[in-house]
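First the structure, in the form of structure tokens, and then the observations on it.
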Amino acid sequence: SGRPLMVGVQFPGRTVSAQVWKAMVGRVPLFLLDTNVPANGPQDRHITQALYGGDNEMRICQEMILGMGGLKALLAMGIEPAVCHMNEGHAAFMALERVRRLRSDKGMTFDEAMETAKSSNVFTVHTPVAAGNDEFKVELIDKYFGHYYGKLGINRDHFLALGRVNPEDSNEGFKMPVLAIRMSAFRNGVSELHGQVSRRIWRGIWPDLPEEEVPIRSITNGVHATTWVSSELAGLYERYLGAKWADEIVDKSIWQRVDQIPDEELWRTHQRCKERLVAFVRARLIRQKERRGATRPEMDEADPVLDPEALTIGFARRFATYKRGNLLLRDSERLLRLLNATDKPVQFVFAGKAHPRDTEGKEIIRQIVHFAKAHKVQSKFVFVEDYDMDIARYMVQGVDVWLNNPRRPMEASGTSGMKAAMNGVLNMSTLDGWWCEGYIPNGGWIIGAGEEYEDLEYQDQVESQAIFDLLESEVVPVFYSRSKGRLPRRWIRRMKNTVKWCAPRFNTHRMVAEYTRKFYKPAAERWRYLTAEAMNRVRALSSWKQQVREAWADLAIENVEMHADDGRDVCELNVRQPQLHVGAQVKVRAQVKLGRLRPEDVAVQIYHGAMDSDGTIRQGQVTRMQHAGSVNGNGLSLFEGTIPCTSSGQQGFALRILPNHEDLADPYEPNLILWEA
């Protein structure tokens, strides 16, 4: 119609309107919500003004607009998504709006609507840092959602339980990541290590499940190569890897052709990028001085900043405290020795911003700037202000080393190092986030060996010294080791190894394909399957779940028998001296009281594996037991299974029962599990 498209979200005593804007990012439409419209009062017009800032009440308003308003905007444009992907918990209210709409349009109960919506919701958690995971007080939830409970068909306690790790704890706040986890059938962290950390953080949602089985997977982030690779290097890739290198980026075989690039060409290309970085930094520093009203002599000081021939180390990212941007400053003597060396000079370029309310992060930036000024090393220890994509692009293309020293395991993924690696820049990082997968011994360097410390002060001391040890004993000598043609051939070999390993693995083509294969396609198929036949399948699944919950207390594992089979003889296992040889088997029979449930309603499993010194099974395996009939006359069912003895050492096993239904997204999803007493 040519008129602005508006959507409304119900707030306490008013409806807040949001206008929908469309921006094209390449070929991809990006829809934006804007509350700065005449229909809103002055306070509501500021909701979408700034991403950061404001208090918790402003935050809940923003997340209502994003989640609930975002879904309404799509529907208003005639876009009904089969799969909804929530990145971080900030958009989790979308899942509730999806439930409300299903209830309204399809006449469903809350359980039926939640089952439907959850079946194709995807949730990616992006940070293990508590400050990045929003939690609201119950009073705030009551204020903004008191009118909403009834629309979902549930009471207040049920609603609050959706956002609590422990639904029974009335003192716990309402956590947005917990809401997203409970409302999604597909969940992941953004690196292999982050997946492990996320399982540890959120295992309380599944209190009876071993940590390694907590249903949060991992899909490692990736970067868009053509956005971040320099035009000069892209031309080199096109010449030696082929014209379609960017489209075929996941093909590891084409990256082996990097070895065909002559060292001279690769180094010359890299040096051009470094020279461009130096020129860019000098120009930015002049602008910084102009803004402060500096004199001409003061501005002239920016001209000799940075040496295009010197080893250049970059550090650019958000200045969160766990990223430890000031770690080098712990030993100013060793740092100054590197900066003031005349035969093998080293220089650093810093850039980044702190959260507006992160005073500690701002203090780290102040310390860096003050150090350079106090020791008169401003030409070699540079901080570039107003960090943005433009600065980032110059830096990841032009530095020699990308320094990253987060406090493990606080870095969820980190992508700046991936961008640098695509450009042949060598990473030096603690073993955190993506670098656990990106590090190879003949590529970049690792700081420490992946240790985690309780004493953070001691950790900072140890790892700051480790950085200087690496710089002095390996990085600087390798960089300045030159052949007859003044080429650092050992360094160039590391550059090529880095590109060959990282480029085909840490790119957005691989990442999106992995999301599609693991999450989007199964979620879309699940949505279509459950919503077919007038929602009869999802109604039946919801009804079955309710019956299982009501009958779960009837279950009991009454009797367990074990027999050892060494291939020659089968005998009862002596649990007092249960020594078996590798290659033997343990046959397990269990009598199970099912009560109102049928054998096909449950999965009886043997959880087995190596035991630690505390007698706990670590990284256990699961063997499904088969129903073998009923035990005469006493209402018990018999289940049988076999455990192979494949490794030596102290081993253990335990029986457990989980719900079983062909339409379950995963067996842990109902959060019901009975372990052998």
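We name chains A, B, ... following the order of the structure tokens; residues begin at 1 in each chain, and ligands are numbered from 1 as shown.
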Per-residue nearest contacts range 348-414 of chain A to range 438-460 of chain A, cut-off 8 Å, using only C-alpha atoms, as a Markdown table:
| residue | atom | partner | partner_atom | distance |
| --- | --- | --- | --- | --- |
| A:Asn405 | CA | A:Ile447 | CA | 7.6 |
| A:Arg408 | CA | A:Glu452 | CA | 6.2 |
| A:Pro409 | CA | A:Glu452 | CA | 7.4 |
Would you return as a PDB file with C-alpha atoms, in the first residue's frame the members of range 377-619 of chain A that DSSP assigns to alpha helix (DSSP H) on this structure's backbone?
ATOM      1  CA  MET A 389      34.603  -3.159  10.836  1.00  0.00           C
ATOM      2  CA  ASP A 390      36.813  -0.875   8.787  1.00  0.00           C
ATOM      3  CA  ILE A 391      39.560  -0.850  11.408  1.00  0.00           C
ATOM      4  CA  ALA A 392      39.134  -4.583  11.948  1.00  0.00           C
ATOM      5  CA  ARG A 393      39.558  -5.261   8.239  1.00  0.00           C
ATOM      6  CA  TYR A 394      42.816  -3.308   8.013  1.00  0.00           C
ATOM      7  CA  MET A 395      44.166  -5.051  11.098  1.00  0.00           C
ATOM      8  CA  VAL A 396      43.338  -8.691  10.286  1.00  0.00           C
ATOM      9  CA  GLN A 397      44.814  -8.152   6.823  1.00  0.00           C
ATOM     10  CA  GLY A 398      47.938  -6.254   7.836  1.00  0.00           C
ATOM     11  CA  SER A 416      38.721 -12.277  14.775  1.00  0.00           C
ATOM     12  CA  GLY A 417      41.468 -14.906  14.783  1.00  0.00           C
ATOM     13  CA  MET A 418      39.684 -16.758  11.980  1.00  0.00           C
ATOM     14  CA  LYS A 419      39.627 -13.585   9.882  1.00  0.00           C
ATOM     15  CA  ALA A 420      43.325 -13.068  10.505  1.00  0.00           C
ATOM     16  CA  ALA A 421      44.140 -16.694   9.638  1.00  0.00           C
ATOM     17  CA  MET A 422      42.323 -16.371   6.291  1.00  0.00           C
ATOM     18  CA  TRP A 435      41.611 -21.998  18.790  1.00  0.00           C
ATOM     19  CA  CYS A 436      41.269 -25.453  20.398  1.00  0.00           C
ATOM     20  CA  GLU A 437      40.255 -26.601  16.903  1.00  0.00           C
ATOM     21  CA  GLY A 438      42.265 -24.066  14.894  1.00  0.00           C
ATOM     22  CA  LEU A 456      43.103 -15.826  38.626  1.00  0.00           C
ATOM     23  CA  GLU A 457      45.942 -13.569  39.760  1.00  0.00           C
ATOM     24  CA  TYR A 458      48.344 -16.477  39.496  1.00  0.00           C
ATOM     25  CA  GLN A 459      46.917 -17.413  36.099  1.00  0.00           C
ATOM     26  CA  ASP A 460      47.505 -13.909  34.784  1.00  0.00           C
ATOM     27  CA  GLN A 461      51.083 -13.965  36.048  1.00  0.00           C
ATOM     28  CA  VAL A 462      51.861 -17.365  34.526  1.00  0.00           C
ATOM     29  CA  GLU A 463      50.284 -16.641  31.157  1.00  0.00           C
ATOM     30  CA  SER A 464      51.734 -13.161  30.791  1.00  0.00           C
ATOM     31  CA  GLN A 465      55.185 -14.684  31.239  1.00  0.00           C
ATOM     32  CA  ALA A 466      54.279 -17.420  28.749  1.00  0.00           C
ATOM     33  CA  ILE A 467      53.512 -14.748  26.133  1.00  0.00           C
ATOM     34  CA  PHE A 468      56.901 -13.105  26.598  1.00  0.00           C
ATOM     35  CA  ASP A 469      58.646 -16.490  26.543  1.00  0.00           C
ATOM     36  CA  LEU A 470      56.993 -17.283  23.203  1.00  0.00           C
ATOM     37  CA  VAL A 476      60.663 -12.862  17.062  1.00  0.00           C
ATOM     38  CA  PRO A 477      63.519 -15.221  16.009  1.00  0.00           C
ATOM     39  CA  VAL A 478      61.381 -16.950  13.363  1.00  0.00           C
ATOM     40  CA  PHE A 479      60.138 -13.651  11.930  1.00  0.00           C
ATOM     41  CA  ARG A 489      60.835 -18.644   4.788  1.00  0.00           C
ATOM     42  CA  ARG A 490      60.068 -20.415   8.063  1.00  0.00           C
ATOM     43  CA  TRP A 491      57.460 -17.752   8.807  1.00  0.00           C
ATOM     44  CA  ILE A 492      55.960 -18.046   5.333  1.00  0.00           C
ATOM     45  CA  ARG A 493      55.733 -21.829   5.790  1.00  0.00           C
ATOM     46  CA  ARG A 494      53.682 -21.204   8.924  1.00  0.00           C
ATOM     47  CA  MET A 495      51.489 -18.731   7.024  1.00  0.00           C
ATOM     48  CA  LYS A 496      50.727 -21.327   4.374  1.00  0.00           C
ATOM     49  CA  ASN A 497      50.028 -24.029   6.961  1.00  0.00           C
ATOM     50  CA  THR A 498      47.647 -21.677   8.776  1.00  0.00           C
ATOM     51  CA  VAL A 499      45.697 -20.873   5.626  1.00  0.00           C
ATOM     52  CA  LYS A 500      45.511 -24.523   4.535  1.00  0.00           C
ATOM     53  CA  TRP A 501      44.137 -25.631   7.919  1.00  0.00           C
ATOM     54  CA  CYS A 502      41.869 -22.738   8.846  1.00  0.00           C
ATOM     55  CA  THR A 508      30.450 -19.361   6.982  1.00  0.00           C
ATOM     56  CA  HIS A 509      29.834 -21.820   4.119  1.00  0.00           C
ATOM     57  CA  ARG A 510      30.743 -24.710   6.415  1.00  0.00           C
ATOM     58  CA  MET A 511      28.919 -23.180   9.360  1.00  0.00           C
ATOM     59  CA  VAL A 512      25.617 -22.610   7.554  1.00  0.00           C
ATOM     60  CA  ALA A 513      25.808 -26.041   5.919  1.00  0.00           C
ATOM     61  CA  GLU A 514      26.332 -27.584   9.359  1.00  0.00           C
ATOM     62  CA  TYR A 515      23.368 -25.714  10.839  1.00  0.00           C
ATOM     63  CA  LYS A 521      16.479 -29.504   7.847  1.00  0.00           C
ATOM     64  CA  PRO A 522      15.516 -31.865  10.734  1.00  0.00           C
ATOM     65  CA  ALA A 523      13.583 -29.031  12.415  1.00  0.00           C
ATOM     66  CA  ALA A 524      11.652 -28.189   9.245  1.00  0.00           C
ATOM     67  CA  GLU A 525      10.864 -31.853   8.635  1.00  0.00           C
ATOM     68  CA  ARG A 526       9.761 -32.239  12.237  1.00  0.00           C
ATOM     69  CA  TRP A 527       7.509 -29.174  11.981  1.00  0.00           C
ATOM     70  CA  ARG A 528       5.853 -30.489   8.808  1.00  0.00           C
ATOM     71  CA  TYR A 529       5.429 -33.974  10.267  1.00  0.00           C
ATOM     72  CA  LEU A 530       3.921 -32.891  13.590  1.00  0.00           C
ATOM     73  CA  THR A 531       1.606 -30.246  12.114  1.00  0.00           C
ATOM     74  CA  ASN A 536      -3.351 -34.832  15.223  1.00  0.00           C
ATOM     75  CA  ARG A 537       0.220 -36.126  15.557  1.00  0.00           C
ATOM     76  CA  VAL A 538       1.360 -33.378  17.882  1.00  0.00           C
ATOM     77  CA  ARG A 539      -1.813 -33.666  19.941  1.00  0.00           C
ATOM     78  CA  ALA A 540      -1.210 -37.408  20.290  1.00  0.00           C
ATOM     79  CA  LEU A 541       2.426 -36.859  21.313  1.00  0.00           C
ATOM     80  CA  SER A 542       1.431 -34.254  23.885  1.00  0.00           C
ATOM     81  CA  SER A 543      -1.224 -36.593  25.297  1.00  0.00           C
ATOM     82  CA  TRP A 544       1.266 -39.478  25.475  1.00  0.00           C
ATOM     83  CA  LYS A 545       3.768 -37.279  27.351  1.00  0.00           C
ATOM     84  CA  GLN A 546       1.126 -36.353  29.897  1.00  0.00           C
ATOM     85  CA  GLN A 547       0.254 -40.000  30.454  1.00  0.00           C
ATOM     86  CA  VAL A 548       3.923 -40.907  30.911  1.00  0.00           C
ATOM     87  CA  ARG A 549       4.455 -38.095  33.419  1.00  0.00           C
ATOM     88  CA  GLU A 550       1.464 -39.263  35.451  1.00  0.00           C
ATOM     89  CA  ALA A 551       2.605 -42.902  35.392  1.00  0.00           C
TER      90      ALA A 551
END
Exercise: Phe519 in chain A partners within 9 Å, only C-alpha atoms, chain neighbours under 6 positions left out, as an MDAnalysis selection string
chainID A and resid 120 122 186:187
Save the residues we just selected, N, CA and C atoms, as an mmCIF file, in the first residue's frame?
data_model
loop_
_atom_site.group_PDB
_atom_site.id
_atom_site.type_symbol
_atom_site.label_atom_id
_atom_site.label_comp_id
_atom_site.auth_asym_id
_atom_site.auth_seq_id
_atom_site.Cartn_x
_atom_site.Cartn_y
_atom_site.Cartn_z
ATOM 1 N N SER A 120 10.510 -27.066 16.292
ATOM 2 C CA SER A 120 11.337 -26.475 15.231
ATOM 3 C C SER A 120 12.002 -25.177 15.684
ATOM 4 N N VAL A 122 15.308 -23.454 17.278
ATOM 5 C CA VAL A 122 16.746 -23.668 17.426
ATOM 6 C C VAL A 122 17.286 -22.574 18.345
ATOM 7 N N PHE A 186 16.443 -27.985 19.517
ATOM 8 C CA PHE A 186 17.805 -28.023 18.985
ATOM 9 C C PHE A 186 18.607 -26.913 19.671
ATOM 10 N N ARG A 187 19.772 -27.284 20.263
ATOM 11 C CA ARG A 187 20.545 -26.321 21.052
ATOM 12 C C ARG A 187 22.025 -26.531 20.793
#
